[in-house]
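Trainee: Pasting a structure below so you can have a look.
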Amino acid sequence: MDRLSITFPHKALGFLYLILSGRPGTILQKKAPARDIKMNIARRTLLTLSATLLGFAAANASAFAADYTLRLHTLVKSPHPYNDMASAMKKEIEDKSGGKIAVKIFDAGQLGQDPAVIGEMGFGTIDLMISTVSNAAQQIPEFSIFTMPYLFNGMDDALAKVGPGTKVQAHFEKVYEEHAVGMKLLALGASGTRNMSTAATVVNGPDDLKGLKMRTPPSPMDAKTWAAFGMLPVTVAWGELYAAMQTGVADAMESSLPGYTGSKLYEVAPNLALTEHTIQINHISISQRTWDKLPADLQKIVQQAAIDANAYGVEKAKEYDAKLVETLQSEHGVKVTHPDKAAFIETVAPLQIELAKELDLSDEYDLLKN
């Protein structure tokens, strides 16, 4: 019988295999004497361990062979456009770089909450992130403009106003530099509508919101907007939101439909009002230290992959929004209402210019409106 030829990513693992397998290439053996049975059992156990190690090494062979390995963070669980975008970026970067760059995706907040991740990106310990701009408002206050309700007329309108080549994109590239966050903005995009959900109250109009404790991210725009509806803003990190709704720290929340579904928030907030009050704007950013290490040709590949991922994210977001409402009703018993958005817009419209001035966001507001 021909000898089996195996290529090992690590010489040490290959050597371990040769030792444990006895005579390499010999598949058929004579019946072992009784006194050798225990030794053979031990050998089989070690061979199993060796095979596991070999499989792990093979799965990571591309990372070992790459010149650069990039760690990509998302905060959300699948299904979610951000994770679809991350997978698309990974494939495009690895394919077009010819294996010079390997991308490892860490979803569901494995690397931490967004504010902490942004700090790590400044040090270059995390390389890429895809997330909602509202979670970066502590470090980049100008991002708060995107949480202003009814600023866009849908996802396509949002992408046209903030996407590649726009004045908004160029503006925020400069804002990153001014705040010295240690990141470079690769792309802004639109990734779904955001809607209201509550623990107990059924929402049919603005009056139903009065007195509810409303979870907000660390964004002044969110807090002031919901206060205008008579709500009591409570700042809660996304990773703590389930517990906050479960324990009554918050009575109401707003989120994208994929975020609501993927994190099983329907279990603690089973009333969903399709207010579609904001188009969720996302950013794809890279550590400035990581960016500076990449040669120009690889920088171009990473930049284009981010732009392509955002276009893909818009289509996935539309797909999810269409399917998830039906799934939430039929499979999870969520009560869905369709409030008259005109009543919400009537409350918010007079506040837009006032809020922009109060929060020193007039430049950003004017860019988006003009």
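Chain labels follow the order of the structure tokens: the first chain is A, the next B, and so on; residue numbering restarts at 1 in every chain, and ligands are counted from 1 in their shown order.
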Quick one: DSSP strand (DSSP E) residues in segment 51-235 of chain A, as a PDB file with C-alpha atoms, in the first residue's frame?
Mentor:
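See states.pdb below for the written result:
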```pdb
ATOM      1  CA  TYR A  68      -0.817  40.584   7.881  1.00  0.00           C
ATOM      2  CA  THR A  69      -3.587  39.213  10.102  1.00  0.00           C
ATOM      3  CA  LEU A  70      -6.411  41.662  10.862  1.00  0.00           C
ATOM      4  CA  ARG A  71      -8.834  41.240  13.785  1.00  0.00           C
ATOM      5  CA  LEU A  72     -12.319  42.482  12.854  1.00  0.00           C
ATOM      6  CA  HIS A  73     -14.842  43.353  15.594  1.00  0.00           C
ATOM      7  CA  ILE A 101      -3.895  39.572   4.367  1.00  0.00           C
ATOM      8  CA  ALA A 102      -5.899  37.222   6.587  1.00  0.00           C
ATOM      9  CA  VAL A 103      -8.995  38.523   8.382  1.00  0.00           C
ATOM     10  CA  LYS A 104     -10.307  36.980  11.607  1.00  0.00           C
ATOM     11  CA  ILE A 105     -13.862  37.933  12.564  1.00  0.00           C
ATOM     12  CA  PHE A 106     -14.850  38.313  16.222  1.00  0.00           C
ATOM     13  CA  LEU A 128     -11.089  46.716  12.087  1.00  0.00           C
ATOM     14  CA  MET A 129     -14.612  47.330  13.327  1.00  0.00           C
ATOM     15  CA  ILE A 130     -18.090  47.498  11.821  1.00  0.00           C
ATOM     16  CA  SER A 131     -20.711  49.071  14.065  1.00  0.00           C
ATOM     17  CA  THR A 132     -23.396  51.698  14.509  1.00  0.00           C
ATOM     18  CA  MET A 183      -8.657  55.296  13.624  1.00  0.00           C
ATOM     19  CA  LYS A 184      -9.207  55.946   9.943  1.00  0.00           C
ATOM     20  CA  LEU A 185     -12.741  56.031   8.569  1.00  0.00           C
ATOM     21  CA  LEU A 186     -13.035  53.645   5.633  1.00  0.00           C
ATOM     22  CA  ALA A 187     -16.739  54.023   4.873  1.00  0.00           C
ATOM     23  CA  LEU A 188     -20.131  55.097   6.163  1.00  0.00           C
ATOM     24  CA  GLY A 189     -23.243  53.154   5.236  1.00  0.00           C
ATOM     25  CA  ALA A 190     -26.892  52.444   6.001  1.00  0.00           C
ATOM     26  CA  SER A 191     -27.849  49.173   7.628  1.00  0.00           C
ATOM     27  CA  GLY A 192     -31.526  49.065   8.487  1.00  0.00           C
ATOM     28  CA  THR A 193     -34.353  50.938  10.163  1.00  0.00           C
ATOM     29  CA  ARG A 194     -34.592  51.401  13.910  1.00  0.00           C
ATOM     30  CA  ASN A 195     -37.865  50.800  15.693  1.00  0.00           C
ATOM     31  CA  MET A 196     -39.375  51.075  19.157  1.00  0.00           C
ATOM     32  CA  SER A 197     -40.052  48.086  21.425  1.00  0.00           C
ATOM     33  CA  THR A 198     -41.413  47.918  24.957  1.00  0.00           C
ATOM     34  CA  LYS A 213     -37.924  54.737  30.946  1.00  0.00           C
ATOM     35  CA  MET A 214     -36.215  54.749  27.567  1.00  0.00           C
ATOM     36  CA  ARG A 215     -32.901  53.003  27.061  1.00  0.00           C
ATOM     37  CA  THR A 216     -30.469  55.112  25.071  1.00  0.00           C
ATOM     38  CA  LEU A 232     -37.130  59.268  30.854  1.00  0.00           C
ATOM     39  CA  PRO A 233     -33.779  58.477  29.163  1.00  0.00           C
ATOM     40  CA  VAL A 234     -31.602  55.796  30.789  1.00  0.00           C
ATOM     41  CA  THR A 235     -28.111  55.158  29.380  1.00  0.00           C
TER      42      THR A 235
END
```
Trainee: Which of these residues is nearest to Ile118 of chain A, using only C-alpha atoms: A:Thr247, A:Asn83, A:Gln329, A:Thr74?
Mentor: A:Thr74
Trainee: For segment 157-161 of chain A, list every protein, DNA or RNA residue within 7 Å, evaluated using only C-alpha atoms, and leave out those in the same chain fewer than 4 positions away; present the list as a list in words.
Mentor: Phe152, Asn153, Thr166, Val168, Gly189, Ala190 and Leu368 of chain A
Trainee: Which is closer to Ala356 of chain A than all the others in A:Pro149, A:Gly112, A:Pro81, A:Gly99, using only C-alpha atoms?
Mentor: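 Among the listed residues, A:Pro149 lies closest to Ala356 of chain A.
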Trainee: Counting only C-alpha atoms, what is within 12 Å of Asp297 of chain A, bar same-chain residues fewer than 6 positions away, as a ChimeraX atom specification?
Mentor: /A:93,96-98,100-101,291,303-304
Trainee: Run DSSP on the backbone and tell me which residues of segment 103-255 of chain A come out as helix (DSSP H, G or I); list them as a ChimeraX atom specification.
Mentor: /A:114-123,133-136,141-147,155-162,167-179,206-209,220-227,238-247
Trainee: Neighbours of Glu120 of chain A within 12 Å (only C-alpha atoms; same-chain residues fewer than 2 positions away dropped), as a ChimeraX atom specification?
Mentor: /A:71-73,111-118,122-129,181-183,286-290
Trainee: Selection from above, N, CA and C atoms, as a CSV table (one decimal), in the first residue's frame, can you write it?
Mentor:
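Result saved to result.csv:
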```csv
chain,number,residue,atom,x,y,z
A,71,ARG,N,-7.7,41.6,12.9
A,71,ARG,CA,-8.8,41.2,13.8
A,71,ARG,C,-10.0,42.2,13.6
A,72,LEU,N,-11.2,41.7,13.2
A,72,LEU,CA,-12.3,42.5,12.9
A,72,LEU,C,-13.4,42.3,13.9
A,73,HIS,N,-13.8,43.4,14.5
A,73,HIS,CA,-14.8,43.4,15.6
A,73,HIS,C,-16.2,43.8,15.1
A,111,LEU,N,-14.7,40.9,21.6
A,111,LEU,CA,-13.5,41.7,21.9
A,111,LEU,C,-13.9,42.9,22.8
A,112,GLY,N,-15.2,43.0,23.2
A,112,GLY,CA,-15.6,44.0,24.1
A,112,GLY,C,-16.7,44.9,23.6
A,113,GLN,N,-17.1,45.8,24.4
A,113,GLN,CA,-18.1,46.8,23.9
A,113,GLN,C,-17.4,47.9,23.0
A,114,ASP,N,-18.2,48.6,22.2
A,114,ASP,CA,-17.6,49.5,21.2
A,114,ASP,C,-16.7,50.5,21.8
A,115,PRO,N,-17.1,51.3,22.9
A,115,PRO,CA,-16.2,52.3,23.4
A,115,PRO,C,-14.8,51.7,23.7
A,116,ALA,N,-14.8,50.5,24.4
A,116,ALA,CA,-13.5,49.9,24.7
A,116,ALA,C,-12.7,49.5,23.5
A,117,VAL,N,-13.5,49.0,22.5
A,117,VAL,CA,-12.8,48.5,21.3
A,117,VAL,C,-12.2,49.7,20.5
A,118,ILE,N,-12.9,50.8,20.5
A,118,ILE,CA,-12.3,52.0,19.9
A,118,ILE,C,-11.0,52.4,20.5
A,122,GLY,N,-7.0,52.3,18.9
A,122,GLY,CA,-6.0,53.4,18.9
A,122,GLY,C,-4.6,52.8,19.2
A,123,PHE,N,-4.6,51.7,19.9
A,123,PHE,CA,-3.3,51.1,20.2
A,123,PHE,C,-2.9,50.1,19.1
A,124,GLY,N,-3.8,49.8,18.2
A,124,GLY,CA,-3.5,48.8,17.2
A,124,GLY,C,-3.7,47.4,17.6
A,125,THR,N,-4.3,47.1,18.8
A,125,THR,CA,-4.5,45.7,19.2
A,125,THR,C,-5.7,45.1,18.6
A,126,ILE,N,-6.6,45.9,18.1
A,126,ILE,CA,-7.8,45.5,17.2
A,126,ILE,C,-7.7,46.3,16.0
A,127,ASP,N,-7.9,45.7,14.8
A,127,ASP,CA,-7.6,46.3,13.5
A,127,ASP,C,-8.8,46.9,12.8
A,128,LEU,N,-9.9,46.3,12.8
A,128,LEU,CA,-11.1,46.7,12.1
A,128,LEU,C,-12.3,46.6,12.9
A,129,MET,N,-13.3,47.5,12.7
A,129,MET,CA,-14.6,47.3,13.3
A,129,MET,C,-15.7,47.8,12.4
A,181,VAL,N,-8.6,59.9,17.4
A,181,VAL,CA,-9.1,58.6,17.9
A,181,VAL,C,-8.2,57.5,17.6
A,182,GLY,N,-7.2,57.7,16.7
A,182,GLY,CA,-6.3,56.6,16.3
A,182,GLY,C,-7.0,55.6,15.3
A,183,MET,N,-8.0,56.1,14.6
A,183,MET,CA,-8.7,55.3,13.6
A,183,MET,C,-8.8,56.1,12.3
A,286,ILE,N,-10.7,51.5,10.6
A,286,ILE,CA,-9.5,50.7,10.7
A,286,ILE,C,-8.6,51.4,11.7
A,287,SER,N,-7.8,50.7,12.5
A,287,SER,CA,-6.8,51.3,13.3
A,287,SER,C,-5.8,52.1,12.5
A,288,GLN,N,-5.5,53.3,12.9
A,288,GLN,CA,-4.5,54.1,12.1
A,288,GLN,C,-3.2,53.4,12.1
A,289,ARG,N,-2.8,52.8,13.2
A,289,ARG,CA,-1.5,52.1,13.2
A,289,ARG,C,-1.5,50.9,12.2
A,290,THR,N,-2.6,50.2,12.2
A,290,THR,CA,-2.7,49.1,11.2
A,290,THR,C,-2.6,49.6,9.8
```
Trainee: Report, in Å to a single decimal, how far apart atom CA of Val268 of chain A and atom CA of Asp222 of chain A are.
Mentor: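 These two atoms are separated by 21.3 Å.
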Trainee: Smallest atom-to-atom distance to Leu359 of chain A: which of A:Gly259, A:Gly333, A:Gly205, A:Pro141, using only C-alpha atoms?
Mentor: A:Pro141
Trainee: Just give me the gap between atom CA of Leu355 of chain A and atom CA of Ser219 of chain A in Å, one decimal is fine.
Mentor: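 Those two atoms sit 12.5 Å apart.
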Trainee: Kindly indicate which residue among A:Gln299, A:Asn135, A:Gln246, A:Asn370 lies nearest to Pro220 of chain A, using only C-alpha atoms for the distances.
Mentor: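 When distances to Pro220 of chain A are compared using only C-alpha atoms, the smallest one comes from A:Asn135.
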Trainee: When distances are computed from only C-alpha atoms, which of A:Pro206, A:Pro258, A:Pro218, A:Gly239 shows the smallest separation from Lys316 of chain A?
Mentor: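 Under the stated criterion, the closest residue is A:Pro258.
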Trainee: I'd like to know which of A:Glu346, A:Asp67, A:Leu361, A:Ala227 is closest to Ile140 of chain A, using only C-alpha atoms.
Mentor: A:Leu361
